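Engineer: You'll find my_file38.txt just under this line, and it carries compact mmCIF, C-alpha atoms.
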```txt
# COMPACT_ATOMS: atom_id res chain seq x y z
CA MET A 33 51.04 -9.81 31.16
CA THR A 34 49.69 -8.08 28.07
CA SER A 35 46.48 -10.07 28.27
CA ALA A 36 46.00 -9.04 31.90
CA LEU A 37 46.49 -5.38 30.97
CA ASP A 38 44.04 -5.68 28.07
CA ASP A 39 41.46 -7.32 30.33
CA GLY A 40 41.96 -4.56 32.90
CA ASN A 41 41.54 -1.86 30.26
CA ARG A 42 38.37 -3.51 28.93
CA SER A 43 36.91 -3.84 32.40
CA GLY A 44 37.81 -0.23 33.19
CA THR A 45 36.17 0.96 29.98
CA ALA A 46 33.08 -1.12 30.77
CA ARG A 47 32.83 0.38 34.26
CA LEU A 48 33.21 3.91 32.85
CA TRP A 49 30.50 3.25 30.24
CA GLN A 50 28.21 1.84 32.93
CA LEU A 51 28.76 4.97 35.01
CA LEU A 52 28.01 7.29 32.09
CA ARG A 53 25.05 5.29 30.86
CA GLY A 54 23.38 4.91 34.25
CA PRO A 55 21.42 2.03 35.75
CA ARG A 56 18.07 2.96 34.18
CA PHE A 57 16.96 2.90 30.56
CA VAL A 58 16.05 6.62 30.60
CA ASP A 59 19.28 7.78 32.22
CA PHE A 60 21.35 7.84 29.04
CA PRO A 61 19.02 10.10 26.98
CA ILE A 62 18.64 12.43 29.99
CA ARG A 63 22.40 12.66 30.45
CA LEU A 64 22.92 13.16 26.73
CA LEU A 65 20.42 16.03 26.77
CA ALA A 66 22.18 17.59 29.76
CA LEU A 67 25.52 17.36 27.94
CA ILE A 68 24.07 19.08 24.87
CA LEU A 69 22.61 21.89 27.00
CA GLY A 70 25.89 22.27 28.89
CA LEU A 71 27.94 22.53 25.72
CA THR A 72 25.88 25.49 24.50
CA VAL A 73 28.30 27.60 26.55
CA LEU A 74 30.67 27.21 23.60
CA ILE A 75 28.27 29.02 21.26
CA PRO A 76 29.60 32.50 20.35
CA GLY A 77 27.81 35.22 22.29
CA SER A 78 27.13 33.16 25.41
CA PHE A 79 29.11 35.59 27.58
CA GLU A 80 27.49 39.02 27.80
CA ILE A 81 30.56 40.64 29.39
CA ALA A 82 34.22 39.64 29.62
CA GLU A 83 34.62 39.97 33.41
CA PRO A 84 36.49 36.93 34.81
CA ARG A 85 34.20 36.47 37.83
CA TYR A 86 31.10 36.58 35.64
CA MET A 87 32.58 34.14 33.17
CA THR A 88 33.54 31.77 36.01
CA LEU A 89 30.02 31.80 37.44
CA LEU A 90 28.47 31.23 34.02
CA ILE A 91 30.78 28.28 33.30
CA CYS A 92 29.86 26.84 36.71
CA ALA A 93 26.15 27.15 35.82
CA TYR A 94 26.60 25.19 32.59
CA ALA A 95 28.75 22.61 34.41
CA LEU A 96 25.94 22.13 36.95
CA ILE A 97 23.56 21.36 34.08
CA ILE A 98 25.88 18.55 32.95
CA ILE A 99 26.30 17.24 36.51
CA SER A 100 22.61 17.42 37.43
CA PRO A 101 21.64 13.95 36.05
CA PHE A 102 24.34 12.37 38.22
CA LEU A 103 23.81 14.40 41.44
CA PRO A 104 20.37 16.01 41.13
CA LEU A 105 19.71 16.83 44.81
CA ALA A 106 23.18 18.30 45.35
CA THR A 107 22.71 20.34 42.16
CA VAL A 108 19.42 21.72 43.56
CA PHE A 109 21.09 23.11 46.68
CA VAL A 110 24.22 24.41 44.92
CA SER A 111 22.34 26.03 42.02
CA THR A 112 19.85 27.66 44.39
CA GLY A 113 22.65 29.24 46.42
CA LEU A 114 24.72 30.34 43.45
CA SER A 115 21.66 31.76 41.67
CA LEU A 116 21.12 34.12 44.61
CA VAL A 117 24.83 35.05 44.58
CA PHE A 118 24.68 35.75 40.85
CA VAL A 119 21.53 37.87 41.02
CA VAL A 120 23.03 40.03 43.74
CA ALA A 121 26.29 40.52 41.81
CA TYR A 122 24.82 40.85 38.32
CA PRO A 123 21.10 41.72 38.54
CA ASP A 124 20.87 42.95 34.97
CA LEU A 125 22.44 39.90 33.29
CA GLU A 126 20.87 36.58 32.35
CA ASN A 127 21.29 34.01 35.11
CA MET A 128 21.86 30.33 34.05
CA PHE A 129 21.79 28.81 37.53
CA PRO A 130 17.96 28.61 37.52
CA GLU A 131 18.24 26.51 34.33
CA ALA A 132 20.43 24.01 36.20
CA LEU A 133 17.96 24.13 39.12
CA ILE A 134 15.00 23.40 36.83
CA PHE A 135 16.82 20.56 35.07
CA ALA A 136 17.85 18.97 38.40
CA THR A 137 14.24 19.19 39.60
CA ALA A 138 13.07 17.37 36.45
CA VAL A 139 15.68 14.65 37.04
CA LEU A 140 14.37 14.20 40.59
CA LEU A 141 10.85 13.86 39.20
CA SER A 142 12.07 11.14 36.78
CA HIS A 143 13.30 9.24 39.85
CA ARG A 144 9.94 9.90 41.56
CA ARG A 145 11.74 11.65 44.42
CA TRP A 146 8.89 13.93 45.37
CA VAL A 147 10.52 15.62 48.37
CA GLY A 148 13.66 16.54 46.43
CA SER A 149 11.65 17.91 43.51
CA ALA A 150 9.52 19.96 45.96
CA ILE A 151 12.73 21.43 47.44
CA GLY A 152 13.91 22.35 43.94
CA THR A 153 10.60 24.00 43.13
CA ALA A 154 10.73 25.96 46.41
CA GLY A 155 14.27 27.10 45.60
CA LEU A 156 13.08 28.37 42.21
CA VAL A 157 10.22 30.29 43.87
CA ILE A 158 12.65 31.87 46.38
CA TYR A 159 14.90 32.93 43.52
CA LEU A 160 12.00 34.54 41.61
CA ILE A 161 10.84 36.41 44.70
CA THR A 162 14.38 37.67 45.27
CA CYS A 163 14.67 38.82 41.66
CA THR A 164 11.35 40.66 41.95
CA GLU A 165 12.45 42.44 45.13
CA LEU A 166 15.75 43.48 43.55
CA GLY A 167 14.23 44.38 40.19
CA ALA A 168 16.61 41.95 38.51
CA TYR A 169 16.55 40.44 35.04
CA ASP A 170 14.24 37.52 35.99
CA GLY A 171 11.97 39.52 38.28
CA GLY A 172 8.30 40.38 37.91
CA ILE A 173 5.55 38.64 35.97
CA GLU A 174 7.74 38.09 32.91
CA GLY A 175 10.31 36.19 34.97
CA PHE A 176 7.62 34.04 36.61
CA VAL A 177 6.11 33.20 33.21
CA ASP A 178 9.47 32.51 31.54
CA LEU A 179 10.98 30.30 34.26
CA GLY A 180 7.58 28.82 35.15
CA PHE A 181 7.12 27.65 31.57
CA GLY A 182 10.60 26.10 31.57
CA TRP A 183 9.91 24.39 34.94
CA LEU A 184 6.59 23.00 33.64
CA THR A 185 8.13 21.72 30.41
CA TYR A 186 11.07 19.98 32.04
CA SER A 187 8.90 18.63 34.86
CA LEU A 188 6.49 17.02 32.41
CA LEU A 189 9.42 15.48 30.55
CA GLY A 190 10.87 14.18 33.81
CA LEU A 191 7.54 12.71 34.93
CA ALA A 192 7.08 11.05 31.54
CA ALA A 193 10.59 9.55 31.72
CA GLY A 194 9.90 8.30 35.26
CA PHE A 195 6.66 6.58 34.29
CA VAL A 196 8.26 5.06 31.17
CA GLU A 197 11.04 3.64 33.35
CA LEU A 198 8.44 2.34 35.82
CA ARG A 199 6.54 0.60 33.04
CA ILE A 200 9.74 -0.95 31.68
CA GLN A 201 10.73 -2.27 35.12
CA ARG A 202 7.25 -3.66 35.72
CA GLU A 203 7.35 -5.44 32.35
CA ILE A 204 10.78 -6.87 33.14
CA GLY A 205 9.52 -8.06 36.53
CA ARG A 206 6.43 -9.60 34.95
CA ARG A 207 8.49 -11.49 32.39
CA GLU A 208 10.95 -12.67 35.02
CA ARG A 209 8.09 -14.00 37.14
CA ALA A 210 6.60 -15.67 34.07
CA ALA A 211 9.98 -17.27 33.27
CA VAL A 212 10.32 -18.54 36.84
CA GLU A 213 6.78 -19.92 36.82
CA HIS A 214 7.41 -21.59 33.45
CA GLN A 215 10.64 -23.15 34.74
CA GLN A 216 8.82 -24.40 37.83
CA ALA A 217 6.09 -25.89 35.65
CA VAL A 218 8.70 -27.58 33.42
CA ASP A 219 10.52 -28.96 36.48
CA SER A 220 7.26 -30.25 37.91
CA LEU A 221 6.34 -31.86 34.60
CA ARG A 222 9.81 -33.39 34.29
CA ALA A 223 9.62 -34.79 37.82
CA ARG A 224 6.15 -36.19 37.20
CA PHE A 225 7.18 -37.69 33.87
CA THR A 226 10.36 -39.16 35.37
CA SER A 227 8.48 -40.71 38.26
CA ASP A 228 5.79 -42.20 36.04
CA MET A 229 8.33 -43.51 33.53
CA HIS A 230 10.47 -45.07 36.25
CA ASP A 231 7.49 -46.67 38.01
CA THR A 232 5.93 -48.14 34.86
CA ILE A 233 8.80 -48.97 32.49
CA SER A 234 11.24 -50.05 35.19
CA ASN A 235 8.67 -52.35 36.72
CA SER A 236 7.87 -53.80 33.29
CA LEU A 237 11.55 -54.44 32.53
CA ALA A 238 12.08 -56.07 35.92
CA THR A 239 9.07 -58.33 35.33
CA GLU A 240 10.36 -59.15 31.86
CA GLY A 241 13.75 -60.10 33.30
CA ALA A 242 12.15 -62.40 35.84
CA ILE A 243 10.08 -64.08 33.11
CA ILE A 244 13.20 -64.61 30.98
CA LYS A 245 15.00 -66.34 33.87
CA ALA A 246 11.96 -68.52 34.60
CA LEU A 247 11.68 -69.56 30.95
CA ALA A 248 15.39 -70.32 30.76
CA ARG A 249 15.23 -72.61 33.80
CA GLY A 250 12.40 -74.64 32.31
CA SER A 251 13.64 -74.81 28.70
CA GLN A 252 15.69 -77.63 27.20
CA ASP A 253 15.79 -76.23 23.66
CA LEU A 254 19.26 -74.96 22.72
CA ASP A 255 18.00 -72.39 20.19
CA ALA A 256 15.40 -71.13 22.63
CA ASN A 257 18.05 -70.78 25.36
CA ARG A 258 20.29 -68.75 23.07
CA GLN A 259 17.42 -66.46 22.16
CA LEU A 260 16.59 -66.06 25.84
CA ALA A 261 20.22 -65.15 26.54
CA GLU A 262 20.12 -62.47 23.81
CA LEU A 263 16.81 -61.22 25.16
CA SER A 264 18.33 -61.01 28.64
CA LEU A 265 21.15 -58.84 27.29
CA VAL A 266 18.65 -56.55 25.58
CA ASN A 267 16.65 -56.33 28.81
CA ALA A 268 19.75 -55.41 30.82
CA GLU A 269 20.78 -52.75 28.29
CA ALA A 270 17.27 -51.25 28.27
CA SER A 271 17.25 -51.10 32.08
CA LYS A 272 20.63 -49.34 32.10
CA ARG A 273 19.53 -46.78 29.50
CA LEU A 274 16.34 -46.17 31.45
CA ARG A 275 18.31 -45.43 34.62
CA ARG A 276 20.59 -43.07 32.71
CA LEU A 277 17.65 -41.26 31.11
CA VAL A 278 15.87 -40.93 34.47
CA ALA A 279 19.04 -39.48 36.00
CA GLN A 280 19.40 -36.93 33.18
CA LEU A 281 15.75 -35.90 33.43
CA SER A 282 16.00 -35.57 37.21
CA ASP A 283 19.09 -33.36 36.94
CA GLY A 284 17.59 -31.35 34.08
CA ASP A 285 20.89 -31.68 32.16
CA ASP A 286 20.62 -32.86 28.54
CA ARG A 287 24.38 -32.98 28.02
CA ARG A 288 26.03 -36.36 27.86
CA PRO A 289 28.53 -36.59 30.73
CA ARG A 290 31.77 -38.50 30.51
CA VAL A 291 31.49 -42.21 31.22
CA ARG A 292 33.01 -43.98 34.21
CA LEU A 293 34.70 -46.59 32.05
CA GLN A 294 35.93 -48.92 34.78
CA ALA A 295 32.60 -49.04 36.59
CA GLU A 296 30.69 -49.26 33.30
CA ALA A 297 32.79 -52.20 32.09
CA LYS A 298 32.39 -54.13 35.35
CA ALA A 299 28.63 -53.55 35.46
CA LEU A 300 28.29 -54.52 31.81
CA ALA A 301 30.37 -57.68 32.37
CA ALA A 302 28.14 -58.70 35.26
CA ALA A 303 25.00 -58.10 33.16
CA ILE A 304 26.37 -60.14 30.24
CA GLU A 305 27.39 -63.02 32.51
CA ASN A 306 23.96 -63.05 34.13
CA GLY A 307 22.24 -62.98 30.75
CA CYS A 308 24.41 -65.80 29.41
CA ALA A 309 23.84 -67.83 32.55
CA ALA A 310 20.09 -67.40 32.12
CA GLY A 311 20.39 -68.88 28.63
CA GLY A 312 22.77 -71.67 29.62
CA VAL A 313 25.80 -70.16 27.80
CA ALA A 314 29.14 -70.45 29.66
CA LEU A 315 30.75 -67.10 28.84
CA THR A 316 33.51 -65.76 31.10
CA LEU A 317 34.35 -62.05 30.99
CA ASN A 318 37.80 -60.74 31.92
CA VAL A 319 38.01 -56.98 32.39
CA GLY A 320 41.53 -55.60 32.64
CA ASN A 321 42.75 -52.39 34.23
CA LEU A 322 40.85 -49.77 32.20
CA PRO A 323 41.09 -45.98 32.49
CA ARG A 324 38.67 -44.48 34.98
CA TYR A 325 36.81 -42.27 32.48
CA ALA A 326 35.99 -42.14 28.78
CA SER A 327 34.39 -39.60 26.46
CA PRO A 328 30.63 -40.03 25.82
CA VAL A 329 31.21 -41.28 22.24
CA LEU A 330 33.85 -43.81 23.25
CA GLY A 331 31.83 -44.97 26.26
CA ALA A 332 28.70 -45.55 24.19
CA HIS A 333 30.45 -47.58 21.51
CA PHE A 334 32.55 -49.46 24.08
CA THR A 335 29.26 -50.83 25.40
CA ALA A 336 28.00 -51.60 21.88
CA ILE A 337 31.16 -53.54 20.93
CA MET A 338 31.03 -55.65 24.09
CA ARG A 339 27.34 -56.44 23.52
CA GLU A 340 27.89 -57.38 19.86
CA LEU A 341 30.80 -59.65 20.74
CA ALA A 342 28.80 -61.33 23.50
CA THR A 343 25.82 -61.76 21.15
CA ASN A 344 28.04 -63.41 18.51
CA VAL A 345 29.35 -65.85 21.12
CA ILE A 346 25.82 -66.68 22.26
CA ARG A 347 24.70 -67.34 18.67
CA HIS A 348 27.64 -69.39 17.42
CA ALA A 349 29.30 -71.09 20.42
CA LEU A 350 28.89 -74.85 20.66
CA PRO A 351 26.63 -75.99 23.50
CA GLU A 352 28.26 -77.01 26.77
CA THR A 353 31.57 -75.41 25.84
CA LYS A 354 33.33 -72.56 27.58
CA SER A 355 33.85 -69.17 25.96
CA SER A 356 35.64 -66.01 27.05
CA LEU A 357 35.54 -62.29 26.37
CA THR A 358 38.56 -60.23 27.41
CA VAL A 359 38.80 -56.44 27.50
CA SER A 360 42.10 -54.72 28.17
CA VAL A 361 44.04 -51.53 27.50
CA GLU A 362 47.67 -51.58 26.40
CA ARG A 363 49.45 -48.30 26.97
CA ASP A 364 52.19 -47.00 24.71
CA VAL A 365 54.26 -43.87 24.24
CA THR A 366 54.33 -42.35 20.77
CA GLY A 367 55.45 -39.14 19.16
CA GLU A 368 58.75 -37.67 18.12
CA ARG A 369 59.66 -36.47 21.64
CA GLY A 370 57.92 -39.30 23.42
CA ASP A 371 55.67 -36.96 25.40
CA THR A 372 52.31 -38.02 23.96
CA GLU A 373 50.79 -40.97 25.80
CA ALA A 374 48.54 -43.24 23.74
CA ALA A 375 46.93 -46.62 24.20
CA VAL A 376 45.11 -49.41 22.38
CA LEU A 377 41.78 -50.79 23.57
CA ARG A 378 41.57 -54.51 22.80
CA PHE A 379 38.49 -56.77 22.79
CA ARG A 380 39.03 -60.51 22.31
CA THR A 381 36.56 -63.41 22.26
CA GLU A 382 37.42 -67.11 22.17
CA ASN A 383 34.81 -69.81 21.66
CA GLU A 384 34.34 -73.17 20.03
CA ALA A 385 32.18 -73.12 16.90
CA ALA A 386 31.04 -75.57 14.24
CA ALA A 387 33.19 -73.82 11.62
CA LEU A 388 35.81 -71.10 11.48
CA LEU A 389 34.76 -67.62 10.38
CA SER A 390 35.65 -66.85 6.76
CA HIS A 391 35.47 -63.09 7.32
CA SER A 392 35.12 -60.61 10.14
CA PRO A 393 31.60 -59.74 11.39
CA ARG A 394 30.42 -56.89 9.21
CA SER A 395 28.90 -54.66 11.91
CA LEU A 396 31.93 -54.99 14.19
CA SER A 397 34.30 -54.26 11.30
CA ARG A 398 32.43 -51.09 10.35
CA ARG A 399 32.31 -49.89 13.93
CA ALA A 400 36.00 -50.59 14.51
CA HIS A 401 37.11 -48.97 11.23
CA ALA A 402 34.99 -45.88 11.91
CA LEU A 403 36.82 -45.45 15.23
CA GLY A 404 40.22 -45.89 13.62
CA GLY A 405 40.62 -49.51 14.74
CA THR A 406 40.57 -53.01 13.28
CA CYS A 407 38.53 -56.20 13.55
CA THR A 408 40.22 -59.53 12.79
CA THR A 409 39.21 -63.17 13.01
CA GLY A 410 41.29 -66.33 13.34
CA SER A 411 41.84 -69.35 15.53
CA ASP A 412 44.09 -70.30 18.43
CA HIS A 413 46.24 -73.45 18.82
CA GLN A 414 43.19 -75.33 20.11
CA GLY A 415 41.16 -74.57 17.01
CA ARG A 416 38.85 -72.13 18.81
CA VAL A 417 37.42 -69.16 16.96
CA VAL A 418 39.09 -65.88 17.93
CA VAL A 419 37.59 -62.45 17.16
CA GLU A 420 39.71 -59.45 18.11
CA VAL A 421 38.75 -55.77 17.92
CA THR A 422 41.41 -53.13 18.52
CA GLN A 423 40.92 -49.43 18.80
CA PRO A 424 43.56 -46.71 19.27
CA LEU A 425 42.96 -44.29 22.13
CA ARG A 426 44.28 -40.95 23.25
CA PHE A 427 44.36 -39.57 26.77
CA ASN A 428 42.52 -36.30 27.31
CA ALA A 429 43.85 -33.54 29.52
CA SER A 430 41.69 -33.82 32.64
CA ALA A 431 42.02 -33.14 36.32
CA ASP A 432 42.67 -36.79 37.14
CA GLY A 433 44.69 -37.47 33.99
CA ASP A 434 42.89 -40.75 33.35
CA GLU A 435 40.29 -40.08 30.64
CA VAL A 436 40.44 -41.57 27.14
CA ASP A 437 38.81 -40.71 23.84
CA ALA A 438 38.66 -42.25 20.39
CA VAL A 439 41.48 -41.18 18.06
CA CYS A 440 39.28 -41.22 14.93
CA ALA A 441 35.51 -40.90 14.84
CA ARG A 442 33.53 -40.06 11.70
CA ASP A 443 30.59 -37.67 11.98
CA ASP A 444 28.14 -40.13 10.45
CA PHE A 445 29.34 -42.71 12.97
CA THR A 446 29.26 -40.63 16.14
CA SER A 447 25.82 -39.23 15.34
CA ALA A 448 24.34 -42.68 14.88
CA SER A 449 22.79 -44.69 17.66
CA PRO A 450 25.45 -46.54 19.69
CA SER A 451 23.52 -49.77 19.35
CA THR A 452 23.34 -49.49 15.56
CA PRO A 453 26.39 -50.16 13.37
CA PRO A 454 27.45 -47.17 11.26
CA ARG A 455 26.48 -46.82 7.65
CA GLU A 456 29.29 -47.69 5.26
CA THR A 457 29.99 -44.65 3.12
CA ASN A 458 31.17 -44.84 -0.49
CA ALA A 459 34.63 -43.62 0.45
CA HIS A 460 34.96 -46.18 3.19
CA ARG A 461 33.65 -48.94 0.89
CA ALA A 462 36.18 -47.98 -1.78
CA GLN A 463 38.95 -47.95 0.79
CA SER A 464 37.95 -51.44 1.97
CA THR A 465 37.83 -52.73 -1.62
CA ALA A 466 41.28 -51.32 -2.38
CA THR A 467 42.67 -52.88 0.76
CA SER A 468 41.22 -56.27 -0.08
CA GLU A 469 42.68 -56.06 -3.62
CA ARG A 470 46.16 -55.27 -2.27
CA THR A 471 45.99 -58.18 0.16
```
In structure tokens, write the structure found in this file.

Structural biologist:
Amino acid sequence: MTSALDDGNRSGTARLWQLLRGPRFVDFPIRLLALILGLTVLIPGSFEIAEPRYMTLLICAYALIIISPFLPLATVFVSTGLSLVFVVAYPDLENMFPEALIFATAVLLSHRRWVGSAIGTAGLVIYLITCTELGAYDGGIEGFVDLGFGWLTYSLLGLAAGFVELRIQREIGRRERAAVEHQQAVDSLRARFTSDMHDTISNSLATEGAIIKALARGSQDLDANRQLAELSLVNAEASKRLRRLVAQLSDGDDRRPRVRLQAEAKALAAAIENGCAAGGVALTLNVGNLPRYASPVLGAHFTAIMRELATNVIRHALPETKSSLTVSVERDVTGERGDTEAAVLRFRTENEAAALLSHSPRSLSRRAHALGGTCTTGSDHQGRVVVEVTQPLRFNASADGDEVDAVCARDDFTSASPSTPPRETNAHRAQSTATSERT
């Protein structure tokens, strides 16, 4: 409630300031000048006599000066009428209504309202003629010279303000047009670059993929087949990144959107299976029920972990044996009140190898530890090599309630390329050494 009131007060203050400042750049100095002239009524000696009607008319004249920047045309008509009333009632006293009339005429000139300013000038001439006929204070040649000089001065100031405002608006319009033209040129260049990149690089990657499959079908060398399988994975990853880059360039959005984790995992599994099949490696991928979305950091390194695990299987699995890669999410409820939902992302590979692993793969261990997870190696009851990577997750507050993010991610890790394992810092190396000494 208090916040709503504060917001309302701030918006009301902003509207009041906008009203006082005016829509043009020259409005504020003009209105400030009018306020200064209007407040001169407070100077001692402003009232020549103490008659209430005279004092009321004089205060009205100064008030019209203050109002004239806001309602210049209305001020012209009102000040012209009241100036004639004043000169009839007090012909021997100084009349301030012509000052308001002159100021309003100058304001009309600053707006380049030629008809209104001509009406104000005509009203001033009528007043001077009336004063001359009545022999009043502003009559005769002296009155024409005095008020004429004031009209000329204020009119020149008003014209200058109007042309300055015109130049400012023209410069703003020119820069806006230049910005629009520049944006159009950038969009055209982006579209041309995107089209050329898609036509050339995409075609080259597709041709490369076809060559890899043709070589794999005609090769009987086990090492060559494994290398072709790795090359097929690299080709598939490059094609996916190219499509993502083309989509970002087409949309003109450089931000990394959240990843559709389920769809990404299934597409990646299909690409890995195809690549392994091209190299004669029997790798089966099992993708469990994953959350629909993931943060950009988690999505990028999810792909990197799957690719590294698949690459290790391709390199070390015995020929003509079956291997598997399983990805799943195990949900859990943690916290003192049990209201914080968490989960663990688990990667697991099983394959037959010539020898058991003596230690966990270094790149996978660094990546898992940097994300707050673990990487372990072992064997199952059949003597197959098992590599398991676990990573704790947290669920983000989203509209669909099914988006996950990494619990722990170091800055030097998240800023690195997803396909490159993170650098092992001194602190992390010391922590690993201390852990190994305790175990």

Engineer: Under the rule that all atoms listed in the file are counted, which of A:Ser187, A:Ser355, A:Asn344, A:Ser360 is the nearest residue to Ser392 in chain A?

Structural biologist: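 When distances to Ser392 in chain A are compared using all atoms listed in the file, the smallest one comes from A:Asn344.
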
Engineer: In Å, how far is it from CA of Ile346 in chain A to CA of Ala261 in chain A?

Structural biologist: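 The value is 7.2 Å.
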
Engineer: Counting all atoms listed in the file, which of A:Gly180, A:Pro424, A:Gly167, A:Gly190 gets nearest to Leu141 in chain A?

Structural biologist: A:Gly190

Engineer: Please return as an MDAnalysis selection string every residue within 8 Å of (28.4, -65.3, 30.8), taking into account all atoms listed in the file and the file's own coordinates.

Structural biologist: chainID A and resid 302 304:309 313:317

Engineer: Of the candidates A:Val139, A:Ala332, A:Leu116, A:His214, which one gets nearest to Ile161 in chain A if we count all atoms listed in the file?

Structural biologist: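 Of the candidates, the smallest distance to Ile161 in chain A is held by A:Leu116.
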
Engineer: Up to 12 Å from (16.6, 28.1, 33.9) in the file's coordinates: name the residues, counting all atoms listed in the file, as a PDB file with C-alpha atoms, keeping the file's coordinate frame.

Structural biologist:
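Written out: point_23.pdb:
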```
ATOM      1  CA  LEU A  69      22.610  21.890  27.000  1.00  0.00           C
ATOM      2  CA  ALA A  93      26.150  27.150  35.820  1.00  0.00           C
ATOM      3  CA  TYR A  94      26.600  25.190  32.590  1.00  0.00           C
ATOM      4  CA  LEU A  96      25.940  22.130  36.950  1.00  0.00           C
ATOM      5  CA  ILE A  97      23.560  21.360  34.080  1.00  0.00           C
ATOM      6  CA  VAL A 108      19.420  21.720  43.560  1.00  0.00           C
ATOM      7  CA  SER A 111      22.340  26.030  42.020  1.00  0.00           C
ATOM      8  CA  THR A 112      19.850  27.660  44.390  1.00  0.00           C
ATOM      9  CA  SER A 115      21.660  31.760  41.670  1.00  0.00           C
ATOM     10  CA  GLU A 126      20.870  36.580  32.350  1.00  0.00           C
ATOM     11  CA  ASN A 127      21.290  34.010  35.110  1.00  0.00           C
ATOM     12  CA  MET A 128      21.860  30.330  34.050  1.00  0.00           C
ATOM     13  CA  PHE A 129      21.790  28.810  37.530  1.00  0.00           C
ATOM     14  CA  PRO A 130      17.960  28.610  37.520  1.00  0.00           C
ATOM     15  CA  GLU A 131      18.240  26.510  34.330  1.00  0.00           C
ATOM     16  CA  ALA A 132      20.430  24.010  36.200  1.00  0.00           C
ATOM     17  CA  LEU A 133      17.960  24.130  39.120  1.00  0.00           C
ATOM     18  CA  ILE A 134      15.000  23.400  36.830  1.00  0.00           C
ATOM     19  CA  PHE A 135      16.820  20.560  35.070  1.00  0.00           C
ATOM     20  CA  ALA A 136      17.850  18.970  38.400  1.00  0.00           C
ATOM     21  CA  THR A 137      14.240  19.190  39.600  1.00  0.00           C
ATOM     22  CA  ALA A 138      13.070  17.370  36.450  1.00  0.00           C
ATOM     23  CA  GLY A 152      13.910  22.350  43.940  1.00  0.00           C
ATOM     24  CA  THR A 153      10.600  24.000  43.130  1.00  0.00           C
ATOM     25  CA  GLY A 155      14.270  27.100  45.600  1.00  0.00           C
ATOM     26  CA  LEU A 156      13.080  28.370  42.210  1.00  0.00           C
ATOM     27  CA  TYR A 159      14.900  32.930  43.520  1.00  0.00           C
ATOM     28  CA  LEU A 160      12.000  34.540  41.610  1.00  0.00           C
ATOM     29  CA  ASP A 170      14.240  37.520  35.990  1.00  0.00           C
ATOM     30  CA  GLY A 175      10.310  36.190  34.970  1.00  0.00           C
ATOM     31  CA  PHE A 176       7.620  34.040  36.610  1.00  0.00           C
ATOM     32  CA  VAL A 177       6.110  33.200  33.210  1.00  0.00           C
ATOM     33  CA  ASP A 178       9.470  32.510  31.540  1.00  0.00           C
ATOM     34  CA  LEU A 179      10.980  30.300  34.260  1.00  0.00           C
ATOM     35  CA  GLY A 180       7.580  28.820  35.150  1.00  0.00           C
ATOM     36  CA  PHE A 181       7.120  27.650  31.570  1.00  0.00           C
ATOM     37  CA  GLY A 182      10.600  26.100  31.570  1.00  0.00           C
ATOM     38  CA  TRP A 183       9.910  24.390  34.940  1.00  0.00           C
ATOM     39  CA  LEU A 184       6.590  23.000  33.640  1.00  0.00           C
ATOM     40  CA  THR A 185       8.130  21.720  30.410  1.00  0.00           C
ATOM     41  CA  TYR A 186      11.070  19.980  32.040  1.00  0.00           C
TER      42      TYR A 186
END
```

Engineer: At a cut-off of 10 Å, using all atoms listed in the file, what residues contact Thr409 in chain A? Leave out same-chain residues fewer than 6 positions from it and give the result as a PyMOL selection string.

Structural biologist: chain A and resi 380-381+388-393+417-421

Engineer: Have a look at CA of Asn318 in chain A and CA of Ser356 in chain A and let me know their distance in Å, one decimal.

Structural biologist: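 These atoms are spaced 7.5 Å apart.
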
Engineer: Record the distance separating CA of Arg416 in chain A and CA of Ala385 in chain A, expressed in Å with one decimal.

Structural biologist: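 CA of Ala385 in chain A lies 7.0 Å from CA of Arg416 in chain A.
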
Engineer: Which residues of range 107-218 of chain A have any atom within 8 Å of an atom in range 43-66 of chain A when counting all atoms listed in the file, and what is the closest pair of atoms for each, with the distance in Å to one decimal? Order the rows by chain and rising number and write it as a tab-separated table.

Structural biologist:
```
residue	atom	partner	partner_atom	distance
A:Val139	CA	A:Ile62	CA	8.0
A:Ala193	CA	A:Val58	CA	6.3
A:Gly194	CA	A:Val58	CA	7.9
A:Val196	CA	A:Val58	CA	8.0
A:Glu197	CA	A:Val58	CA	6.4
```
